[in-house]
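Visitor: Sharing a structure below in structure tokens format, with a few things to ask.
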Amino acid sequence: MRLLVLGGTVFLGRAVAAHAVAAGHDVTCVARGTSGEVPAGATLVTADRDAPGGLAGLDGDFDAVIDVARRPSHVRHAVAALGARVPHWVYVSSCSVYGDQSTPGQRATEAPVLAPLPLETDDATGENYGPAKVACEQALLDAVGPDRAMLCRAGLIVGPEDPTGRFDYWVARVAEGGEVLAPGTPGDAVQWIDVRDLAAWLVQAAEQRLSGVYDGTGAPIGRGDFLAGIAQGVGATPQVTWVDQEFLAAQGVEPWAGERSLPMWLPLPEGAGFLSRDVTDALAAGLTPRPLADTARDTLAWLATGPTRKPWAGITRDDEAQLLTAWKVAHPA
Ligand SMILES: NC(=O)c1ccc[n+]([C@@H]2O[C@H](COP(=O)([O-])OP(=O)(O)OC[C@H]3O[C@@H](n4cnc5c(N)ncnc54)[C@H](OP(=O)(O)O)[C@@H]3O)[C@@H](O)[C@H]2O)c1
């Protein structure tokens, strides 16, 4: 297969290109070349998708496209240049497209999505991210139709080379051992996908010309089992202390991501739908998540190589110790 990866120089796009090369495909990646490098064996074509004609120089002789775009104009430019010539398209969308993030167990084919970003906005940062991904999906479907497109709404993508630090926080923290502050309760749902498994499935979707809409994430498990799976993978035996969300909110700890946050934690019940999606369809269509312990072990090994990104998720060990002390004072055993 001659595969065009729109992206390919960082995290998921790079993993897609690497997997496709390993599977024997002829892989071309398009990026500006400012964020990173394509994997060995892939060809980088430098182009700027901000320009309407940015992809005009490509020959268009591809069997499939896999696109990680965030800005709707990037998708519009791509389908204008290549939509008529490339038979199959795989678009990496996001579970942030959904309009209802509080109802657990929703399916991709049935869940309502947000209103698309207005044409004139074309920004995918902050609150525009979900609406921008909806607009990207619509731009693709409008151009090539549902039979030639697979929409993969990714959940939290984790593993080696993750630039966000969200999963890494828990891997590093559990590996360090001792008393670990965990948010909420052991039964709260957590959901993720290893970047390599998502990449493999996206390439398979291109190979098989899979169409339709899917959530690209693994099946949810409880946070207690999540921490236990990480502990197994990194060979640690942490002592977990569960701290309720009201206490954490009162202490100013942020959910999900960012500075002074507890990553992969969302306030309930408002966020109960985000990490508990019903992924029966994706698993039936070939998505094959590896054991959590393997992802944790490989992520720890990658962290040991000293990646240079600035960590921006989690709390410091001092902060954690102070929060645990304050929790025990407020809730004596
Ligand atoms: N991380 C998560 O947990 C998560 C969850 C749900 C969904 N997603 C989705 O998953 C995908 C992640 O993709 P990713 O890991 O490959 O990272 P990314 O940051 O989305 O990668 C963007 C790619 O596009 C290229 N690019 C950006 N602007 C460009 C331009 N103007 N012209 C040409 N190329 C441009 C970048 O390279 P250059 O900068 O060198 O051009 C890079 O290769 C995204 O679609 C994201 O929305 C992520």
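Residues in the structure tokens are named by chain (A, B, ... in the order shown) and by number from 1 within that chain; ligands are numbered from 1 in the order shown.
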Residues within 6 Å of ligand 1 should be enumerated using only C-alpha atoms and all ligand atoms and returned as a PDB file with N, CA and C atoms, in the first residue's frame.

Guide:
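The result, written out as pocket-v4.pdb:
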ATOM      1  N   GLY A   7       0.911  14.475   8.790  1.00  0.00           N
ATOM      2  CA  GLY A   7       1.517  14.456  10.117  1.00  0.00           C
ATOM      3  C   GLY A   7       2.689  13.490  10.044  1.00  0.00           C
ATOM      4  N   GLY A   8       2.970  12.797  11.128  1.00  0.00           N
ATOM      5  CA  GLY A   8       3.991  11.752  11.070  1.00  0.00           C
ATOM      6  C   GLY A   8       5.295  12.098  11.747  1.00  0.00           C
ATOM      7  N   THR A   9       5.390  13.312  12.295  1.00  0.00           N
ATOM      8  CA  THR A   9       6.664  13.715  12.911  1.00  0.00           C
ATOM      9  C   THR A   9       6.628  13.699  14.435  1.00  0.00           C
ATOM     10  N   VAL A  10       5.447  13.516  15.032  1.00  0.00           N
ATOM     11  CA  VAL A  10       5.364  13.432  16.490  1.00  0.00           C
ATOM     12  C   VAL A  10       4.411  12.299  16.890  1.00  0.00           C
ATOM     13  N   PHE A  11       4.509  11.874  18.086  1.00  0.00           N
ATOM     14  CA  PHE A  11       3.723  10.889  18.822  1.00  0.00           C
ATOM     15  C   PHE A  11       2.846   9.969  17.945  1.00  0.00           C
ATOM     16  N   LEU A  12       1.552  10.230  17.830  1.00  0.00           N
ATOM     17  CA  LEU A  12       0.679   9.271  17.138  1.00  0.00           C
ATOM     18  C   LEU A  12       1.013   9.173  15.652  1.00  0.00           C
ATOM     19  N   GLY A  13       1.134  10.296  14.983  1.00  0.00           N
ATOM     20  CA  GLY A  13       1.410  10.242  13.551  1.00  0.00           C
ATOM     21  C   GLY A  13       2.716   9.522  13.269  1.00  0.00           C
ATOM     22  N   ALA A  31       4.549  17.211   6.688  1.00  0.00           N
ATOM     23  CA  ALA A  31       4.584  18.114   7.835  1.00  0.00           C
ATOM     24  C   ALA A  31       5.497  19.274   7.461  1.00  0.00           C
ATOM     25  N   ARG A  32       5.505  20.302   8.305  1.00  0.00           N
ATOM     26  CA  ARG A  32       6.428  21.402   8.044  1.00  0.00           C
ATOM     27  C   ARG A  32       7.851  20.996   8.395  1.00  0.00           C
ATOM     28  N   GLY A  33       7.970  19.971   9.252  1.00  0.00           N
ATOM     29  CA  GLY A  33       9.293  19.537   9.677  1.00  0.00           C
ATOM     30  C   GLY A  33       9.822  20.322  10.852  1.00  0.00           C
ATOM     31  N   THR A  34       8.944  21.004  11.574  1.00  0.00           N
ATOM     32  CA  THR A  34       9.391  21.813  12.711  1.00  0.00           C
ATOM     33  C   THR A  34       9.231  21.097  14.053  1.00  0.00           C
ATOM     34  N   SER A  35       8.383  20.062  14.102  1.00  0.00           N
ATOM     35  CA  SER A  35       8.061  19.438  15.391  1.00  0.00           C
ATOM     36  C   SER A  35       8.863  18.191  15.687  1.00  0.00           C
ATOM     37  N   GLY A  36       9.441  17.583  14.697  1.00  0.00           N
ATOM     38  CA  GLY A  36      10.169  16.340  14.916  1.00  0.00           C
ATOM     39  C   GLY A  36      10.525  15.715  13.589  1.00  0.00           C
ATOM     40  N   ALA A  47       5.674  20.587   3.792  1.00  0.00           N
ATOM     41  CA  ALA A  47       4.630  21.446   3.224  1.00  0.00           C
ATOM     42  C   ALA A  47       3.915  22.121   4.380  1.00  0.00           C
ATOM     43  N   ASP A  48       3.313  23.263   4.109  1.00  0.00           N
ATOM     44  CA  ASP A  48       2.556  23.983   5.137  1.00  0.00           C
ATOM     45  C   ASP A  48       1.079  23.907   4.801  1.00  0.00           C
ATOM     46  N   ARG A  49       0.328  23.215   5.648  1.00  0.00           N
ATOM     47  CA  ARG A  49      -1.105  23.017   5.394  1.00  0.00           C
ATOM     48  C   ARG A  49      -1.923  24.280   5.675  1.00  0.00           C
ATOM     49  N   ASP A  50      -1.307  25.285   6.266  1.00  0.00           N
ATOM     50  CA  ASP A  50      -2.021  26.560   6.430  1.00  0.00           C
ATOM     51  C   ASP A  50      -2.354  27.164   5.069  1.00  0.00           C
ATOM     52  N   VAL A  68      -4.009  13.454  10.985  1.00  0.00           N
ATOM     53  CA  VAL A  68      -4.153  13.813  12.406  1.00  0.00           C
ATOM     54  C   VAL A  68      -4.496  15.300  12.584  1.00  0.00           C
ATOM     55  N   ALA A  69      -5.016  15.942  11.546  1.00  0.00           N
ATOM     56  CA  ALA A  69      -5.235  17.397  11.594  1.00  0.00           C
ATOM     57  C   ALA A  69      -6.126  17.816  12.756  1.00  0.00           C
ATOM     58  N   ARG A  70      -5.900  19.011  13.233  1.00  0.00           N
ATOM     59  CA  ARG A  70      -6.752  19.618  14.263  1.00  0.00           C
ATOM     60  C   ARG A  70      -7.562  20.770  13.691  1.00  0.00           C
ATOM     61  N   VAL A  92      -8.123  10.967  12.321  1.00  0.00           N
ATOM     62  CA  VAL A  92      -7.985  10.825  13.774  1.00  0.00           C
ATOM     63  C   VAL A  92      -8.712  11.980  14.446  1.00  0.00           C
ATOM     64  N   SER A  93      -9.885  11.668  14.956  1.00  0.00           N
ATOM     65  CA  SER A  93     -10.662  12.658  15.679  1.00  0.00           C
ATOM     66  C   SER A  93     -10.457  12.439  17.182  1.00  0.00           C
ATOM     67  N   SER A  94     -11.422  12.819  17.975  1.00  0.00           N
ATOM     68  CA  SER A  94     -11.230  12.791  19.433  1.00  0.00           C
ATOM     69  C   SER A  94     -12.560  12.562  20.137  1.00  0.00           C
ATOM     70  N   ALA A 154     -10.312   9.256  19.019  1.00  0.00           N
ATOM     71  CA  ALA A 154      -9.365   8.710  19.988  1.00  0.00           C
ATOM     72  C   ALA A 154      -9.708   9.163  21.397  1.00  0.00           C
ATOM     73  N   GLY A 155      -9.513   8.247  22.339  1.00  0.00           N
ATOM     74  CA  GLY A 155      -9.531   8.610  23.748  1.00  0.00           C
ATOM     75  C   GLY A 155      -8.145   9.054  24.160  1.00  0.00           C
ATOM     76  N   LEU A 156      -7.834   8.964  25.439  1.00  0.00           N
ATOM     77  CA  LEU A 156      -6.513   9.391  25.895  1.00  0.00           C
ATOM     78  C   LEU A 156      -5.453   8.449  25.322  1.00  0.00           C
ATOM     79  N   ILE A 157      -4.509   9.034  24.577  1.00  0.00           N
ATOM     80  CA  ILE A 157      -3.459   8.235  23.937  1.00  0.00           C
ATOM     81  C   ILE A 157      -2.217   8.294  24.829  1.00  0.00           C
TER      82      ILE A 157
END

Visitor: Run DSSP on the backbone of this structure and report the residues of stretch 31-93 of chain A it assigns to helix (DSSP H, G or I), as a compact mmCIF listing (two decimals) with N, CA, C and O atoms, in the first residue's frame.

Guide:
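File result-v8.txt, as written:
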# COMPACT_ATOMS: atom_id res chain seq x y z
N PRO A 72 -9.81 22.68 10.97
CA PRO A 72 -10.69 22.31 9.85
C PRO A 72 -10.15 22.72 8.49
O PRO A 72 -10.32 21.99 7.51
N SER A 73 -9.48 23.87 8.41
CA SER A 73 -8.97 24.29 7.10
C SER A 73 -7.93 23.30 6.58
O SER A 73 -7.80 23.12 5.37
N HIS A 74 -7.20 22.65 7.49
CA HIS A 74 -6.20 21.67 7.03
C HIS A 74 -6.88 20.49 6.35
O HIS A 74 -6.39 19.97 5.34
N VAL A 75 -8.02 20.07 6.90
CA VAL A 75 -8.76 18.97 6.26
C VAL A 75 -9.35 19.44 4.93
O VAL A 75 -9.28 18.74 3.91
N ARG A 76 -9.90 20.63 4.93
CA ARG A 76 -10.50 21.15 3.68
C ARG A 76 -9.44 21.24 2.58
O ARG A 76 -9.69 20.87 1.42
N HIS A 77 -8.27 21.72 2.94
CA HIS A 77 -7.20 21.83 1.94
C HIS A 77 -6.79 20.45 1.44
O HIS A 77 -6.51 20.26 0.25
N ALA A 78 -6.76 19.49 2.36
CA ALA A 78 -6.33 18.13 1.97
C ALA A 78 -7.33 17.49 1.02
O ALA A 78 -6.94 16.90 0.00
N VAL A 79 -8.62 17.59 1.35
CA VAL A 79 -9.59 16.92 0.47
C VAL A 79 -9.73 17.67 -0.85
O VAL A 79 -10.03 17.05 -1.89
N ALA A 80 -9.50 18.98 -0.83
CA ALA A 80 -9.54 19.71 -2.10
C ALA A 80 -8.41 19.23 -3.01
O ALA A 80 -8.60 19.08 -4.23
N ALA A 81 -7.25 18.96 -2.43
CA ALA A 81 -6.10 18.55 -3.24
C ALA A 81 -6.17 17.08 -3.64
O ALA A 81 -5.76 16.71 -4.73
N LEU A 82 -6.66 16.23 -2.72
CA LEU A 82 -6.48 14.78 -2.90
C LEU A 82 -7.76 13.96 -2.80
O LEU A 82 -7.74 12.75 -3.03

Visitor: Would you return as a VMD selection string the members of stretch 249-293 of chain A that DSSP assigns to strand (DSSP E) on this structure's backbone?

Guide: chain A and resid 254 to 256 261 to 263

Visitor: Would you export the selected residues with N, CA, C and O atoms as a PDB file, in the first residue's frame, please?

Guide:
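Result file follows (again.pdb):
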ATOM      1  N   GLU A 254      -6.082  20.618  40.307  1.00  0.00           N
ATOM      2  CA  GLU A 254      -6.823  20.618  39.044  1.00  0.00           C
ATOM      3  C   GLU A 254      -7.041  19.196  38.548  1.00  0.00           C
ATOM      4  O   GLU A 254      -6.175  18.334  38.716  1.00  0.00           O
ATOM      5  N   PRO A 255      -8.173  18.937  37.894  1.00  0.00           N
ATOM      6  CA  PRO A 255      -8.363  17.637  37.263  1.00  0.00           C
ATOM      7  C   PRO A 255      -7.658  17.561  35.909  1.00  0.00           C
ATOM      8  O   PRO A 255      -7.267  18.572  35.333  1.00  0.00           O
ATOM      9  N   TRP A 256      -7.461  16.346  35.444  1.00  0.00           N
ATOM     10  CA  TRP A 256      -7.112  15.980  34.073  1.00  0.00           C
ATOM     11  C   TRP A 256      -5.667  16.256  33.651  1.00  0.00           C
ATOM     12  O   TRP A 256      -4.942  15.379  33.243  1.00  0.00           O
ATOM     13  N   SER A 261      -1.997  19.302  38.858  1.00  0.00           N
ATOM     14  CA  SER A 261      -3.176  18.509  38.496  1.00  0.00           C
ATOM     15  C   SER A 261      -2.967  17.065  38.918  1.00  0.00           C
ATOM     16  O   SER A 261      -1.841  16.627  39.153  1.00  0.00           O
ATOM     17  N   LEU A 262      -4.070  16.344  39.000  1.00  0.00           N
ATOM     18  CA  LEU A 262      -3.999  14.885  39.060  1.00  0.00           C
ATOM     19  C   LEU A 262      -4.539  14.379  37.725  1.00  0.00           C
ATOM     20  O   LEU A 262      -5.740  14.419  37.461  1.00  0.00           O
ATOM     21  N   PRO A 263      -3.617  13.927  36.871  1.00  0.00           N
ATOM     22  CA  PRO A 263      -3.998  13.574  35.500  1.00  0.00           C
ATOM     23  C   PRO A 263      -4.936  12.367  35.449  1.00  0.00           C
ATOM     24  O   PRO A 263      -4.925  11.516  36.339  1.00  0.00           O
TER      25      PRO A 263
END

Visitor: Neighbouring residues of A:Val190 were defined as those with any atom within 7 Å, considering only C-alpha atoms; residues of the same chain fewer than 5 positions away were excluded. Please report them as a VMD selection string.

Guide: chain A and resid 220 to 223 275 to 276

Visitor: Between A:Ser211, A:Gln239, A:Thr185, A:Thr299, which has the minimum distance to A:Gly224 (counting only C-alpha atoms)?

Guide: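 Checking each candidate against A:Gly224, we get A:Thr185 as the closest.
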
Visitor: Which one is closest to A:Leu287: A:Gln251, A:Thr217, A:Thr103, A:Gln232? Count only C-alpha atoms.

Guide: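 Among the listed residues, A:Thr217 lies closest to A:Leu287.
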
Visitor: Compile the contact shell of A:Gln245 as a list of chain:residue names: residues with an atom at most 8 Å away, counting only C-alpha atoms, same-chain residues fewer than 2 positions apart removed.

Guide: A:Pro183, A:Gly184, A:Val243, A:Phe247, A:Leu248, A:Ala249, A:Pro267

Visitor: How would the residues just picked look written out with C-alpha atoms as an mmCIF file, in the first residue's frame?

Guide:
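Output file out_27.cif follows:
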data_model
loop_
_atom_site.group_PDB
_atom_site.id
_atom_site.type_symbol
_atom_site.label_atom_id
_atom_site.label_comp_id
_atom_site.auth_asym_id
_atom_site.auth_seq_id
_atom_site.Cartn_x
_atom_site.Cartn_y
_atom_site.Cartn_z
ATOM 1 C CA PRO A 183 -8.171 10.754 43.436
ATOM 2 C CA GLY A 184 -11.768 9.622 43.897
ATOM 3 C CA VAL A 243 -8.694 11.108 48.583
ATOM 4 C CA PHE A 247 -11.210 17.640 49.232
ATOM 5 C CA LEU A 248 -8.941 17.875 46.189
ATOM 6 C CA ALA A 249 -11.072 20.611 44.625
ATOM 7 C CA PRO A 267 -14.855 15.446 38.463
#

Visitor: Which is closest to A:Glu120 among A:Arg71, A:Arg260, A:Arg148, A:Arg209, if we use only C-alpha atoms?

Guide: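 Ranked by minimum distance to A:Glu120, first place goes to A:Arg71.
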
Visitor: Could you give me, as a tab-separated table, every stretch 151-208 of chain A residue with an atom at most 10 Å from stretch 226-229 of chain A, plus its closest atom pair and distance in Å to one decimal, counting only C-alpha atoms, rows ordered by chain then number?

Guide:
residue	atom	partner	partner_atom	distance
A:Trp170	CA	A:Leu227	CA	7.7
A:Val171	CA	A:Leu227	CA	8.6
A:Val174	CA	A:Leu227	CA	7.5
A:Val180	CA	A:Leu227	CA	9.7
A:Ala182	CA	A:Leu227	CA	8.8
A:Pro186	CA	A:Phe226	CA	8.7
A:Gly187	CA	A:Phe226	CA	9.8
A:Asp188	CA	A:Phe226	CA	9.9
A:Ala189	CA	A:Phe226	CA	9.0
A:Val190	CA	A:Phe226	CA	7.2
A:Gln191	CA	A:Phe226	CA	8.9

Visitor: Kindly give the distance, in Å, that separates atom CA of A:Glu207 and atom CA of A:Ala282, rounded to a single decimal.

Guide: 15.8 Å

Visitor: So which one's closest to A:Trp302, A:Asp61, A:Asp168, A:Glu320, A:Asp67? Using only C-alpha atoms, please.

Guide: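 Checking each of A:Asp61, A:Asp168, A:Glu320, A:Asp67 against A:Trp302, counting only C-alpha atoms, the winner is A:Asp168.
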
Visitor: Counting only C-alpha atoms, what is within 9 Å of A:Val21, bar same-chain residues fewer than 4 positions away, as a VMD selection string?

Guide: chain A and resid 16 to 17 25 to 27 39 to 42

Visitor: So that I can see what lies close to A:Ala272, please list as a PDB file with C-alpha atoms, in the first residue's frame the residues with an atom at most 7 Å from it, counting only C-alpha atoms and leaving out residues fewer than 5 positions away in the same chain.

Guide:
ATOM      1  CA  GLN A 101     -19.554  13.977  28.637  1.00  0.00           C
ATOM      2  CA  SER A 102     -21.478  12.900  31.723  1.00  0.00           C
ATOM      3  CA  THR A 103     -23.443   9.784  30.687  1.00  0.00           C
ATOM      4  CA  PRO A 104     -21.340   6.618  31.080  1.00  0.00           C
TER       5      PRO A 104
END

Visitor: Give me the residues within 9 Å of A:Leu3 as number ranges by chain, counting only C-alpha atoms and dropping any in the same chain fewer than 4 places off.

Guide: A: 17, 20, 25-29, 62-66, 203, 206

Visitor: Go ahead and save the residues from that selection, with N, CA and C atoms, as a compact mmCIF listing (two decimals), in the first residue's frame.

Guide:
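So the final result, stored in result29.txt, reads:
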# COMPACT_ATOMS: atom_id res chain seq x y z
N ALA A 17 3.26 6.07 11.14
CA ALA A 17 4.24 5.92 10.05
C ALA A 17 5.19 4.77 10.34
N ALA A 20 3.40 1.46 9.81
CA ALA A 20 3.14 1.20 8.40
C ALA A 20 4.42 0.79 7.68
N HIS A 25 4.69 -1.14 4.04
CA HIS A 25 4.06 -0.16 3.17
C HIS A 25 5.05 0.94 2.76
N ASP A 26 4.70 1.60 1.68
CA ASP A 26 5.46 2.73 1.16
C ASP A 26 4.84 3.99 1.79
N VAL A 27 5.59 4.64 2.69
CA VAL A 27 4.98 5.66 3.55
C VAL A 27 5.57 7.05 3.26
N THR A 28 4.67 7.98 2.94
CA THR A 28 5.04 9.38 2.78
C THR A 28 4.35 10.18 3.88
N CYS A 29 5.10 11.02 4.58
CA CYS A 29 4.53 11.88 5.61
C CYS A 29 4.63 13.34 5.14
N PHE A 62 -1.86 7.74 -4.05
CA PHE A 62 -1.83 7.00 -2.78
C PHE A 62 -3.06 6.10 -2.68
N ASP A 63 -2.91 5.03 -1.91
CA ASP A 63 -4.04 4.12 -1.66
C ASP A 63 -4.89 4.59 -0.49
N ALA A 64 -4.26 5.31 0.44
CA ALA A 64 -5.01 5.77 1.61
C ALA A 64 -4.28 6.94 2.26
N VAL A 65 -5.07 7.74 2.98
CA VAL A 65 -4.54 8.85 3.78
C VAL A 65 -4.90 8.58 5.24
N ILE A 66 -3.96 8.85 6.14
CA ILE A 66 -4.27 8.90 7.57
C ILE A 66 -3.90 10.31 8.03
N VAL A 203 -3.58 1.83 10.76
CA VAL A 203 -2.97 1.29 9.54
C VAL A 203 -3.83 0.13 9.01
N ALA A 206 -6.73 1.45 7.20
CA ALA A 206 -6.38 1.90 5.85
C ALA A 206 -6.22 0.70 4.91

Visitor: Find the distance between atom CA of A:Tyr169 and atom CA of A:Val253 and write it in Å to one decimal.

Guide: 14.6 Å
